[in-house]
Amino acid sequence: MTEQRGKTRDNKRKNAQKLKKRRHEMYLQSLRDEILTHAAPELSAVCSEVGEGEDLSFIDRMKKVLGATPYGVGLAANQLGVTKRVCVWRSDSKSRLIKAMINPVIIEKSDDTEVLIEGCLSYPGKRCPISRSLDVKVSYLDEKLAQKTETFKGLEARILQHEVDHLDGTCQVKDLIEAVKKAAETEPVEQSV
């Protein structure tokens with residue numbers, strides 16, 4: 001009898017853990033679903049600078065959404081429908097440390113470039129070869145609104161170039177997808193006999 005109660009208790013505990021895990025995954029998916037995709041007009045908007053005294057509470061939401069993505073390393077505010085010059089990023093997709101940049105401007109790019117395959121959270125499943133500068137110098141405000149100027153290299157430089165593109169209303173992944181699609185539509189179809 002006590003053995004049966006123990007099994008029942010274990011089964012209840014396991015079911016409760018499964019339910020908790022499922023609810024957590026549903027919560028993470030609901031966060032990921034907030035990311036605008038494809039033809040959302042905000043993705044083409046040139047974002048305006050954050051002014052003094054503006055509410056920046058949306059940055060916490062941006063961090064939660066980016067943290068909910070399994071492979072995302074950067075997110076621009078307009079990808080969540082906020083057309084302000086703010087982005088959040090992390091040095092790799094496993095990092096829990098997510099940083100924010102307010103009003104970032106790339107003030108210098110190295111001439112040395114590298115082509116790597118790049119994806120975009122707003123164009124899920126699409127990946128394209130993109131050429132980016134290896135080093136960039138960025139001027140921005142941190143979350144405490146302190147002015148910073150930093151040089152970033154490698155993957156961090158690539159991430160920030162991608163996010164600043166978004167804030168400027170462009171996305172190279174989108175542009176390449178559209179160029180390939182347009183080329184496929186205009187190429188003559190060969191006929192076989």
# chains A, B, ... in the order shown; residues from 1 in each chain; ligands from 1
$ select_by_dssp --residues "chain A" --states "strand (DSSP E or B)" --output "compact mmCIF listing (two decimals) with C-alpha atoms, in the first residue's frame"
# COMPACT_ATOMS: atom_id res chain seq x y z
CA SER A 48 14.17 57.99 -34.20
CA GLY A 74 20.72 40.72 -31.37
CA LEU A 75 17.38 42.48 -31.54
CA ALA A 76 16.48 46.00 -32.67
CA LYS A 84 13.35 54.00 -31.41
CA VAL A 86 17.68 50.95 -29.30
CA CYS A 87 19.15 47.48 -29.70
CA VAL A 88 20.00 44.65 -27.35
CA TRP A 89 22.66 42.03 -28.00
CA LYS A 99 23.47 44.42 -23.17
CA ALA A 100 21.53 47.40 -24.48
CA MET A 101 22.65 50.28 -26.67
CA ILE A 102 20.64 53.48 -26.94
CA ASN A 103 21.11 55.71 -30.00
CA PRO A 104 24.00 53.64 -31.39
CA VAL A 105 25.93 55.10 -34.31
CA ILE A 106 28.75 53.33 -36.09
CA ILE A 107 31.39 56.05 -36.39
CA GLU A 108 34.15 53.95 -37.91
CA LYS A 109 34.44 50.66 -39.83
CA THR A 113 35.81 42.55 -44.22
CA GLU A 114 34.64 38.97 -43.97
CA VAL A 115 31.74 37.12 -45.57
CA LEU A 116 29.83 34.87 -43.19
CA ILE A 117 26.40 33.26 -43.24
CA GLU A 118 23.96 35.46 -41.35
CA GLY A 119 20.37 35.00 -40.26
CA ARG A 127 20.34 32.60 -44.03
CA CYS A 128 22.54 34.49 -46.47
CA PRO A 129 26.23 35.24 -47.02
CA ILE A 130 26.82 38.82 -45.83
CA SER A 131 30.03 40.86 -45.99
CA ARG A 132 30.73 42.89 -42.84
CA SER A 133 33.63 44.92 -41.50
CA ASP A 135 35.98 45.97 -36.58
CA VAL A 136 33.60 48.82 -35.81
CA LYS A 137 33.70 51.79 -33.47
CA VAL A 138 30.30 52.58 -31.99
CA SER A 139 29.12 55.65 -30.12
CA TYR A 140 26.07 55.03 -27.91
CA LEU A 141 24.38 55.57 -24.57
CA GLN A 147 27.88 58.25 -23.31
CA LYS A 148 30.22 55.48 -24.50
CA THR A 149 32.47 54.91 -27.48
CA GLU A 150 33.81 51.40 -27.96
CA THR A 151 35.49 49.32 -30.62
CA PHE A 152 34.04 45.88 -31.28
CA LYS A 153 35.65 43.05 -33.23
$ residues_around --residues "Thr170 (chain A)" --least-positions-apart "3" --cutoff "7 Å" --atoms "only C-alpha atoms" --output "PyMOL selection string"
chain A and resi 44+165-166
$ closest_residue --among "A:His38, A:Arg9, A:Arg32, A:Arg23" --to "Leu66 (chain A)" --atoms "only C-alpha atoms"
A:Arg32
$ residues_around --residues "Leu43 (chain A)" --least-positions-apart "3" --cutoff "6 Å" --atoms "only C-alpha atoms" --output "PyMOL selection string"
chain A and resi 40+78+169
$ atom_distance --atom1 "CA of Gly154 (chain A)" --atom2 "CA of Leu134 (chain A)"
5.3 Å
$ closest_residue --among "A:Cys120, A:Val50, A:Ile35, A:Ala157" --to "Lys174 (chain A)" --atoms "only C-alpha atoms"
A:Cys120
$ atom_distance --atom1 "CA of Glu25 (chain A)" --atom2 "CA of Gly72 (chain A)"
16.3 Å
